[in-house]
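S.K.: What follows is my_file-v4.cif, made up of mmCIF, N, CA and C atoms:
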data_coords
#
loop_
_atom_site.label_atom_id
_atom_site.label_comp_id
_atom_site.auth_asym_id
_atom_site.auth_seq_id
_atom_site.Cartn_x
_atom_site.Cartn_y
_atom_site.Cartn_z
N ARG A 406 110.15 124.29 116.40
CA ARG A 406 111.57 124.56 116.38
C ARG A 406 112.38 123.36 115.90
N PHE A 407 111.95 122.18 116.31
CA PHE A 407 112.69 120.98 115.94
C PHE A 407 112.72 120.80 114.43
N TYR A 408 111.58 121.01 113.75
CA TYR A 408 111.53 120.87 112.30
C TYR A 408 112.43 121.89 111.63
N GLN A 409 112.46 123.11 112.15
CA GLN A 409 113.33 124.14 111.57
C GLN A 409 114.79 123.73 111.66
N ALA A 410 115.17 123.14 112.78
CA ALA A 410 116.55 122.67 112.95
C ALA A 410 116.86 121.53 111.98
N LEU A 411 115.91 120.62 111.79
CA LEU A 411 116.11 119.53 110.84
C LEU A 411 116.26 120.05 109.42
N ILE A 412 115.43 120.99 109.05
CA ILE A 412 115.49 121.56 107.70
C ILE A 412 116.83 122.25 107.48
N ALA A 413 117.25 123.03 108.44
CA ALA A 413 118.53 123.75 108.32
C ALA A 413 119.70 122.76 108.25
N THR A 414 119.68 121.76 109.09
CA THR A 414 120.76 120.78 109.11
C THR A 414 120.78 119.94 107.84
N SER A 415 119.62 119.68 107.28
CA SER A 415 119.55 118.85 106.07
C SER A 415 120.25 119.48 104.88
N GLN A 416 120.45 120.77 104.91
CA GLN A 416 121.12 121.44 103.80
C GLN A 416 122.57 121.01 103.63
N SER A 417 123.15 120.45 104.67
CA SER A 417 124.56 120.04 104.59
C SER A 417 124.72 118.53 104.39
N CYS A 418 123.67 117.84 104.00
CA CYS A 418 123.78 116.40 103.78
C CYS A 418 123.32 116.04 102.36
N ASP A 419 123.63 114.84 101.95
CA ASP A 419 123.24 114.36 100.63
C ASP A 419 121.96 113.53 100.68
N VAL A 420 121.81 112.75 101.74
CA VAL A 420 120.67 111.85 101.88
C VAL A 420 120.14 111.93 103.30
N LEU A 421 118.82 111.96 103.43
CA LEU A 421 118.18 111.88 104.74
C LEU A 421 117.66 110.47 104.92
N VAL A 422 117.81 109.93 106.11
CA VAL A 422 117.36 108.57 106.39
C VAL A 422 116.28 108.62 107.47
N MET A 423 115.15 108.00 107.14
CA MET A 423 114.05 107.88 108.10
C MET A 423 113.99 106.42 108.53
N LEU A 424 114.14 106.16 109.83
CA LEU A 424 114.09 104.80 110.36
C LEU A 424 112.70 104.52 110.92
N GLN A 425 112.17 103.34 110.58
CA GLN A 425 110.89 102.92 111.11
C GLN A 425 111.01 101.46 111.56
N SER A 426 110.74 101.22 112.81
CA SER A 426 110.77 99.85 113.33
C SER A 426 109.54 99.10 112.86
N ALA A 427 109.73 97.85 112.44
CA ALA A 427 108.60 97.00 112.05
C ALA A 427 107.82 96.53 113.27
N LEU A 428 108.33 96.83 114.45
CA LEU A 428 107.63 96.48 115.69
C LEU A 428 106.70 97.58 116.17
N ALA A 429 106.91 98.79 115.67
CA ALA A 429 106.13 99.95 116.13
C ALA A 429 104.71 99.91 115.58
N LYS A 430 103.77 100.31 116.41
CA LYS A 430 102.37 100.34 115.99
C LYS A 430 101.96 101.70 115.44
N ASN A 431 102.88 102.66 115.53
CA ASN A 431 102.62 103.97 114.95
C ASN A 431 103.93 104.57 114.46
N SER A 432 103.80 105.69 113.78
CA SER A 432 104.97 106.35 113.21
C SER A 432 105.20 107.69 113.87
N VAL A 433 106.46 108.07 113.99
CA VAL A 433 106.78 109.40 114.53
C VAL A 433 106.77 110.45 113.43
N PHE A 434 106.68 110.01 112.18
CA PHE A 434 106.71 110.94 111.04
C PHE A 434 105.30 111.27 110.58
N PRO A 435 104.96 112.54 110.47
CA PRO A 435 103.64 112.91 109.97
C PRO A 435 103.56 112.67 108.46
N PRO A 436 102.35 112.59 107.92
CA PRO A 436 102.21 112.42 106.47
C PRO A 436 102.93 113.53 105.71
N CYS A 437 103.56 113.17 104.61
CA CYS A 437 104.27 114.09 103.72
C CYS A 437 105.45 114.80 104.38
N PHE A 438 105.95 114.26 105.46
CA PHE A 438 107.05 114.87 106.19
C PHE A 438 108.28 115.09 105.30
N ALA A 439 108.59 114.14 104.46
CA ALA A 439 109.80 114.22 103.63
C ALA A 439 109.75 115.34 102.60
N THR A 440 108.57 115.81 102.29
CA THR A 440 108.45 116.85 101.26
C THR A 440 109.02 118.19 101.69
N ILE A 441 109.30 118.37 102.97
CA ILE A 441 109.87 119.65 103.41
C ILE A 441 111.37 119.72 103.14
N PHE A 442 111.97 118.59 102.77
CA PHE A 442 113.40 118.55 102.51
C PHE A 442 113.69 118.59 101.02
N THR A 443 114.82 119.16 100.68
CA THR A 443 115.23 119.23 99.28
C THR A 443 116.28 118.17 98.95
N ARG A 444 116.40 117.20 99.79
CA ARG A 444 117.38 116.12 99.62
C ARG A 444 116.65 114.80 99.39
N ARG A 445 117.39 113.83 98.92
CA ARG A 445 116.84 112.49 98.76
C ARG A 445 116.52 111.93 100.13
N VAL A 446 115.39 111.26 100.25
CA VAL A 446 114.97 110.68 101.52
C VAL A 446 114.89 109.16 101.36
N LEU A 447 115.60 108.46 102.21
CA LEU A 447 115.63 107.00 102.20
C LEU A 447 114.92 106.50 103.45
N GLY A 448 113.99 105.59 103.27
CA GLY A 448 113.30 104.97 104.40
C GLY A 448 113.91 103.61 104.69
N ILE A 449 114.15 103.32 105.95
CA ILE A 449 114.72 102.03 106.35
C ILE A 449 113.82 101.40 107.40
N ILE A 450 113.45 100.14 107.14
CA ILE A 450 112.64 99.38 108.08
C ILE A 450 113.58 98.49 108.89
N THR A 451 113.51 98.62 110.20
CA THR A 451 114.35 97.82 111.10
C THR A 451 113.50 96.78 111.83
N HIS A 452 114.15 95.83 112.44
CA HIS A 452 113.52 94.78 113.27
C HIS A 452 112.53 93.92 112.48
N ALA A 453 112.71 93.81 111.19
CA ALA A 453 111.77 93.06 110.35
C ALA A 453 111.83 91.56 110.59
N GLU A 454 112.91 91.08 111.17
CA GLU A 454 113.05 89.63 111.38
C GLU A 454 112.35 89.13 112.63
N SER A 455 111.83 90.03 113.44
CA SER A 455 111.16 89.64 114.68
C SER A 455 109.85 88.91 114.37
N SER A 456 109.48 87.98 115.23
CA SER A 456 108.25 87.22 115.02
C SER A 456 107.00 88.09 115.14
N THR A 457 107.11 89.22 115.82
CA THR A 457 105.96 90.11 115.96
C THR A 457 106.05 91.33 115.04
N ALA A 458 106.97 91.30 114.10
CA ALA A 458 107.17 92.44 113.19
C ALA A 458 106.04 92.53 112.16
N ASN A 459 105.80 93.76 111.72
CA ASN A 459 104.85 94.00 110.64
C ASN A 459 105.54 94.96 109.66
N ALA A 460 106.33 94.40 108.77
CA ALA A 460 107.11 95.21 107.82
C ALA A 460 106.21 95.95 106.84
N GLN A 461 105.07 95.37 106.50
CA GLN A 461 104.15 96.03 105.57
C GLN A 461 103.60 97.32 106.19
N ARG A 462 103.26 97.27 107.47
CA ARG A 462 102.78 98.46 108.16
C ARG A 462 103.88 99.52 108.22
N ALA A 463 105.11 99.11 108.52
CA ALA A 463 106.24 100.04 108.57
C ALA A 463 106.46 100.69 107.20
N GLN A 464 106.34 99.90 106.15
CA GLN A 464 106.50 100.45 104.80
C GLN A 464 105.42 101.48 104.51
N LYS A 465 104.20 101.21 104.91
CA LYS A 465 103.10 102.18 104.71
C LYS A 465 103.37 103.48 105.47
N PHE A 466 103.89 103.36 106.70
CA PHE A 466 104.23 104.56 107.47
C PHE A 466 105.27 105.40 106.74
N LEU A 467 106.33 104.75 106.26
CA LEU A 467 107.39 105.48 105.56
C LEU A 467 106.89 106.09 104.25
N TYR A 468 106.10 105.34 103.52
CA TYR A 468 105.56 105.85 102.26
C TYR A 468 104.65 107.05 102.51
N SER A 469 103.83 106.95 103.53
CA SER A 469 102.95 108.07 103.89
C SER A 469 103.75 109.30 104.27
N ALA A 470 104.90 109.09 104.89
CA ALA A 470 105.76 110.21 105.31
C ALA A 470 106.52 110.81 104.13
N GLY A 471 106.50 110.13 102.99
CA GLY A 471 107.13 110.69 101.79
C GLY A 471 108.37 109.97 101.31
N ALA A 472 108.78 108.92 102.00
CA ALA A 472 109.94 108.14 101.54
C ALA A 472 109.50 107.29 100.35
N ARG A 473 110.26 107.33 99.27
CA ARG A 473 109.94 106.52 98.09
C ARG A 473 110.95 105.40 97.89
N ASP A 474 112.16 105.58 98.39
CA ASP A 474 113.16 104.51 98.40
C ASP A 474 113.15 103.90 99.78
N ILE A 475 112.66 102.67 99.88
CA ILE A 475 112.50 102.03 101.19
C ILE A 475 113.21 100.69 101.18
N LEU A 476 114.05 100.49 102.18
CA LEU A 476 114.81 99.25 102.31
C LEU A 476 114.47 98.54 103.61
N LEU A 477 114.45 97.22 103.54
CA LEU A 477 114.30 96.38 104.72
C LEU A 477 115.70 96.05 105.21
N LEU A 478 115.99 96.31 106.46
CA LEU A 478 117.34 96.11 106.97
C LEU A 478 117.31 95.14 108.16
N PRO A 479 117.38 93.84 107.87
CA PRO A 479 117.45 92.87 108.97
C PRO A 479 118.75 93.02 109.75
N SER A 480 118.73 92.70 111.00
CA SER A 480 119.93 92.78 111.83
C SER A 480 120.97 91.79 111.35
N GLU A 481 122.22 92.19 111.42
CA GLU A 481 123.36 91.33 111.12
C GLU A 481 123.27 90.68 109.74
N ASP A 482 122.73 91.37 108.77
CA ASP A 482 122.62 90.85 107.41
C ASP A 482 123.54 91.65 106.51
N THR A 483 124.64 91.07 106.11
CA THR A 483 125.62 91.81 105.32
C THR A 483 125.10 92.15 103.93
N VAL A 484 124.21 91.31 103.39
CA VAL A 484 123.61 91.61 102.08
C VAL A 484 122.77 92.87 102.17
N ALA A 485 122.00 92.99 103.23
CA ALA A 485 121.18 94.19 103.43
C ALA A 485 122.05 95.41 103.65
N LEU A 486 123.13 95.25 104.37
CA LEU A 486 124.04 96.38 104.57
C LEU A 486 124.68 96.81 103.26
N ASP A 487 125.00 95.85 102.40
CA ASP A 487 125.52 96.19 101.07
C ASP A 487 124.48 96.95 100.26
N ALA A 488 123.21 96.52 100.35
CA ALA A 488 122.13 97.21 99.64
C ALA A 488 121.97 98.64 100.15
N LEU A 489 122.10 98.81 101.44
CA LEU A 489 122.04 100.15 102.02
C LEU A 489 123.17 101.01 101.51
N GLN A 490 124.36 100.46 101.47
CA GLN A 490 125.50 101.22 100.97
C GLN A 490 125.28 101.60 99.51
N GLN A 491 124.75 100.71 98.70
CA GLN A 491 124.49 101.00 97.30
C GLN A 491 123.42 102.08 97.14
N ALA A 492 122.49 102.14 98.07
CA ALA A 492 121.43 103.15 98.01
C ALA A 492 121.98 104.55 98.15
N PHE A 493 123.13 104.69 98.79
CA PHE A 493 123.74 106.00 98.98
C PHE A 493 124.60 106.44 97.81
N ILE A 494 124.83 105.54 96.87
CA ILE A 494 125.68 105.88 95.73
C ILE A 494 124.84 106.54 94.64
#
Give the structure from the file, written as structure tokens.
M.R.:
Amino acid sequence: RFYQALIATSQSCDVLVMLQSALAKNSVFPPCFATIFTRRVLGIITHAESSTANAQRAQKFLYSAGARDILLLPSEDTVALDALQQAFI
């Protein structure tokens, strides 16, 4: 049911954003998850600045889930926030 609600809701948006923490040891997104949507899917890696972060693993999770545009978003980084804003244009 949850996926059906996401698919229905996605019809009213322009971009879907999948967040993946660089601290997480697994992903909540199944492989090819993004392919069920007809919208652009943006992957964002969070917490990459942490000493225990693994941004490469987070990127692999997002790529496996179907995100092809993936951004690293460090906390309190205005340059990264500008890049995120540009990704939506």
S.K.: Excluding A:Leu424 and residues on its chain fewer than 6 positions from it, collect all residues at most 8 Å away from it, counting only N, CA and C atoms, and give them as a ChimeraX atom specification.
M.R.: /A:433,447-451,467
S.K.: Name the residues captured by the PyMOL selection byres ((chain A and resi 419) around 8) when it is applied to the shown file; answer as a PyMOL selection string.
M.R.: chain A and resi 415-418+420-422+443-446+493
S.K.: Got a sec: who's within 6 Å of stretch 468-470 of chain A, counting all atoms listed in the file, leaving out chain neighbours fewer than 5 positions off, as a ChimeraX atom specification?
M.R.: /A:434-440,463
S.K.: For A:Ile441, find every residue with an atom within 10 Å (counting only C-alpha atoms), except residues of its own chain fewer than 5 positions away, and show them as an MDAnalysis selection string.
M.R.: chainID A and resid 408:409 411:412 471
S.K.: Which of these residues is nearest to A:Thr457, using all atoms listed in the file: A:Ala472, A:Ala427, A:Val484, A:Leu478?
M.R.: A:Ala427
S.K.: Expand the PyMOL selection byres ((chain A and resi 452) around 7) into the explicit residue set it covers here, and present it as a PyMOL selection string.
M.R.: chain A and resi 425-428+450-451+453-455+458-459+478-480
S.K.: What is the atom CA of A:Leu477-atom CA of A:Lys430 distance in Å, reported with one decimal?
M.R.: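 Result for atom CA of A:Leu477 versus atom CA of A:Lys430: 16.9 Å, one decimal.
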S.K.: Please run DSSP on the backbone and report, as a VMD selection string, all residues within chain A that come out as strand (DSSP E).
M.R.: chain A and resid 420 to 426 445 to 451 474 to 477
S.K.: If you run DSSP on this backbone, which residues of chain A come out as helix (DSSP H, G or I), and could you give them as a ChimeraX atom specification?
M.R.: /A:407-415,438-441,460-470,483-492
S.K.: For the residues selected in the previous step, produce a file with N, CA and C atoms as a CSV table (one decimal), in the coordinates of the input.
M.R.:
chain,number,residue,atom,x,y,z
A,407,PHE,N,112.0,122.2,116.3
A,407,PHE,CA,112.7,121.0,115.9
A,407,PHE,C,112.7,120.8,114.4
A,408,TYR,N,111.6,121.0,113.8
A,408,TYR,CA,111.5,120.9,112.3
A,408,TYR,C,112.4,121.9,111.6
A,409,GLN,N,112.5,123.1,112.2
A,409,GLN,CA,113.3,124.1,111.6
A,409,GLN,C,114.8,123.7,111.7
A,410,ALA,N,115.2,123.1,112.8
A,410,ALA,CA,116.6,122.7,113.0
A,410,ALA,C,116.9,121.5,112.0
A,411,LEU,N,115.9,120.6,111.8
A,411,LEU,CA,116.1,119.5,110.8
A,411,LEU,C,116.3,120.0,109.4
A,412,ILE,N,115.4,121.0,109.0
A,412,ILE,CA,115.5,121.6,107.7
A,412,ILE,C,116.8,122.2,107.5
A,413,ALA,N,117.2,123.0,108.4
A,413,ALA,CA,118.5,123.8,108.3
A,413,ALA,C,119.7,122.8,108.2
A,414,THR,N,119.7,121.8,109.1
A,414,THR,CA,120.8,120.8,109.1
A,414,THR,C,120.8,119.9,107.8
A,415,SER,N,119.6,119.7,107.3
A,415,SER,CA,119.6,118.8,106.1
A,415,SER,C,120.2,119.5,104.9
A,438,PHE,N,106.0,114.3,105.5
A,438,PHE,CA,107.0,114.9,106.2
A,438,PHE,C,108.3,115.1,105.3
A,439,ALA,N,108.6,114.1,104.5
A,439,ALA,CA,109.8,114.2,103.6
A,439,ALA,C,109.8,115.3,102.6
A,440,THR,N,108.6,115.8,102.3
A,440,THR,CA,108.4,116.8,101.3
A,440,THR,C,109.0,118.2,101.7
A,441,ILE,N,109.3,118.4,103.0
A,441,ILE,CA,109.9,119.6,103.4
A,441,ILE,C,111.4,119.7,103.1
A,460,ALA,N,106.3,94.4,108.8
A,460,ALA,CA,107.1,95.2,107.8
A,460,ALA,C,106.2,96.0,106.8
A,461,GLN,N,105.1,95.4,106.5
A,461,GLN,CA,104.2,96.0,105.6
A,461,GLN,C,103.6,97.3,106.2
A,462,ARG,N,103.3,97.3,107.5
A,462,ARG,CA,102.8,98.5,108.2
A,462,ARG,C,103.9,99.5,108.2
A,463,ALA,N,105.1,99.1,108.5
A,463,ALA,CA,106.2,100.0,108.6
A,463,ALA,C,106.5,100.7,107.2
A,464,GLN,N,106.3,99.9,106.2
A,464,GLN,CA,106.5,100.4,104.8
A,464,GLN,C,105.4,101.5,104.5
A,465,LYS,N,104.2,101.2,104.9
A,465,LYS,CA,103.1,102.2,104.7
A,465,LYS,C,103.4,103.5,105.5
A,466,PHE,N,103.9,103.4,106.7
A,466,PHE,CA,104.2,104.6,107.5
A,466,PHE,C,105.3,105.4,106.7
A,467,LEU,N,106.3,104.8,106.3
A,467,LEU,CA,107.4,105.5,105.6
A,467,LEU,C,106.9,106.1,104.2
A,468,TYR,N,106.1,105.3,103.5
A,468,TYR,CA,105.6,105.8,102.3
A,468,TYR,C,104.6,107.0,102.5
A,469,SER,N,103.8,107.0,103.5
A,469,SER,CA,103.0,108.1,103.9
A,469,SER,C,103.8,109.3,104.3
A,470,ALA,N,104.9,109.1,104.9
A,470,ALA,CA,105.8,110.2,105.3
A,470,ALA,C,106.5,110.8,104.1
A,483,THR,N,124.6,91.1,106.1
A,483,THR,CA,125.6,91.8,105.3
A,483,THR,C,125.1,92.2,103.9
A,484,VAL,N,124.2,91.3,103.4
A,484,VAL,CA,123.6,91.6,102.1
A,484,VAL,C,122.8,92.9,102.2
A,485,ALA,N,122.0,93.0,103.2
A,485,ALA,CA,121.2,94.2,103.4
A,485,ALA,C,122.0,95.4,103.6
A,486,LEU,N,123.1,95.2,104.4
A,486,LEU,CA,124.0,96.4,104.6
A,486,LEU,C,124.7,96.8,103.3
A,487,ASP,N,125.0,95.8,102.4
A,487,ASP,CA,125.5,96.2,101.1
A,487,ASP,C,124.5,97.0,100.3
A,488,ALA,N,123.2,96.5,100.4
A,488,ALA,CA,122.1,97.2,99.6
A,488,ALA,C,122.0,98.6,100.2
A,489,LEU,N,122.1,98.8,101.4
A,489,LEU,CA,122.0,100.2,102.0
A,489,LEU,C,123.2,101.0,101.5
A,490,GLN,N,124.4,100.5,101.5
A,490,GLN,CA,125.5,101.2,101.0
A,490,GLN,C,125.3,101.6,99.5
A,491,GLN,N,124.8,100.7,98.7
A,491,GLN,CA,124.5,101.0,97.3
A,491,GLN,C,123.4,102.1,97.1
A,492,ALA,N,122.5,102.1,98.1
A,492,ALA,CA,121.4,103.2,98.0
A,492,ALA,C,122.0,104.6,98.2
S.K.: Just how far from atom CA of A:Ala413 is atom CA of A:Phe442, in Å to one decimal?
M.R.: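 That distance, rounded to one decimal, is 9.3 Å.
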S.K.: Hey, could you pull the box centre and edge lengths for stretch 413-424 of chain A, axis-aligned, 8 Å padding per side, all listed atoms, to one decimal in Å, as JSON?
M.R.:
{"center_x": 118.7, "center_y": 114.1, "center_z": 105.8, "size_x": 28.0, "size_y": 35.2, "size_z": 26.3}
S.K.: One decimal, Å: what's the distance from atom CA of A:Gln491 over to atom C of A:Asp474, could you say?
M.R.: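 About the pair atom CA of A:Gln491 and atom C of A:Asp474: they are 12.0 Å apart.
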S.K.: Complete stretch 429-440 of chain A at the level of N, CA, C and O atoms, written as a PDB file, in the coordinates of the input.
M.R.:
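For reference, part11.pdb as written:
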ATOM      1  N   ALA A 429     106.910  98.790 115.670  1.00  0.00           N
ATOM      2  CA  ALA A 429     106.130  99.950 116.130  1.00  0.00           C
ATOM      3  C   ALA A 429     104.710  99.910 115.580  1.00  0.00           C
ATOM      4  O   ALA A 429     104.495  99.570 114.417  1.00  0.00           O
ATOM      5  N   LYS A 430     103.770 100.310 116.410  1.00  0.00           N
ATOM      6  CA  LYS A 430     102.370 100.340 115.990  1.00  0.00           C
ATOM      7  C   LYS A 430     101.960 101.700 115.440  1.00  0.00           C
ATOM      8  O   LYS A 430     100.840 101.873 114.970  1.00  0.00           O
ATOM      9  N   ASN A 431     102.880 102.660 115.530  1.00  0.00           N
ATOM     10  CA  ASN A 431     102.620 103.970 114.950  1.00  0.00           C
ATOM     11  C   ASN A 431     103.930 104.570 114.460  1.00  0.00           C
ATOM     12  O   ASN A 431     104.989 104.043 114.709  1.00  0.00           O
ATOM     13  N   SER A 432     103.800 105.690 113.780  1.00  0.00           N
ATOM     14  CA  SER A 432     104.970 106.350 113.210  1.00  0.00           C
ATOM     15  C   SER A 432     105.200 107.690 113.870  1.00  0.00           C
ATOM     16  O   SER A 432     104.249 108.369 114.262  1.00  0.00           O
ATOM     17  N   VAL A 433     106.460 108.070 113.990  1.00  0.00           N
ATOM     18  CA  VAL A 433     106.780 109.400 114.530  1.00  0.00           C
ATOM     19  C   VAL A 433     106.770 110.450 113.430  1.00  0.00           C
ATOM     20  O   VAL A 433     106.820 111.642 113.713  1.00  0.00           O
ATOM     21  N   PHE A 434     106.680 110.010 112.180  1.00  0.00           N
ATOM     22  CA  PHE A 434     106.710 110.940 111.040  1.00  0.00           C
ATOM     23  C   PHE A 434     105.300 111.270 110.580  1.00  0.00           C
ATOM     24  O   PHE A 434     104.515 110.371 110.279  1.00  0.00           O
ATOM     25  N   PRO A 435     104.960 112.540 110.470  1.00  0.00           N
ATOM     26  CA  PRO A 435     103.640 112.910 109.970  1.00  0.00           C
ATOM     27  C   PRO A 435     103.560 112.670 108.460  1.00  0.00           C
ATOM     28  O   PRO A 435     104.590 112.560 107.783  1.00  0.00           O
ATOM     29  N   PRO A 436     102.350 112.590 107.920  1.00  0.00           N
ATOM     30  CA  PRO A 436     102.210 112.420 106.470  1.00  0.00           C
ATOM     31  C   PRO A 436     102.930 113.530 105.710  1.00  0.00           C
ATOM     32  O   PRO A 436     102.930 114.691 106.133  1.00  0.00           O
ATOM     33  N   CYS A 437     103.560 113.170 104.610  1.00  0.00           N
ATOM     34  CA  CYS A 437     104.270 114.090 103.720  1.00  0.00           C
ATOM     35  C   CYS A 437     105.450 114.800 104.380  1.00  0.00           C
ATOM     36  O   CYS A 437     105.922 115.819 103.898  1.00  0.00           O
ATOM     37  N   PHE A 438     105.950 114.260 105.460  1.00  0.00           N
ATOM     38  CA  PHE A 438     107.050 114.870 106.190  1.00  0.00           C
ATOM     39  C   PHE A 438     108.280 115.090 105.300  1.00  0.00           C
ATOM     40  O   PHE A 438     108.929 116.129 105.366  1.00  0.00           O
ATOM     41  N   ALA A 439     108.590 114.140 104.460  1.00  0.00           N
ATOM     42  CA  ALA A 439     109.800 114.220 103.630  1.00  0.00           C
ATOM     43  C   ALA A 439     109.750 115.340 102.600  1.00  0.00           C
ATOM     44  O   ALA A 439     110.786 115.781 102.114  1.00  0.00           O
ATOM     45  N   THR A 440     108.570 115.810 102.290  1.00  0.00           N
ATOM     46  CA  THR A 440     108.450 116.850 101.260  1.00  0.00           C
ATOM     47  C   THR A 440     109.020 118.190 101.690  1.00  0.00           C
ATOM     48  O   THR A 440     109.231 119.060 100.839  1.00  0.00           O
TER      49      THR A 440
END
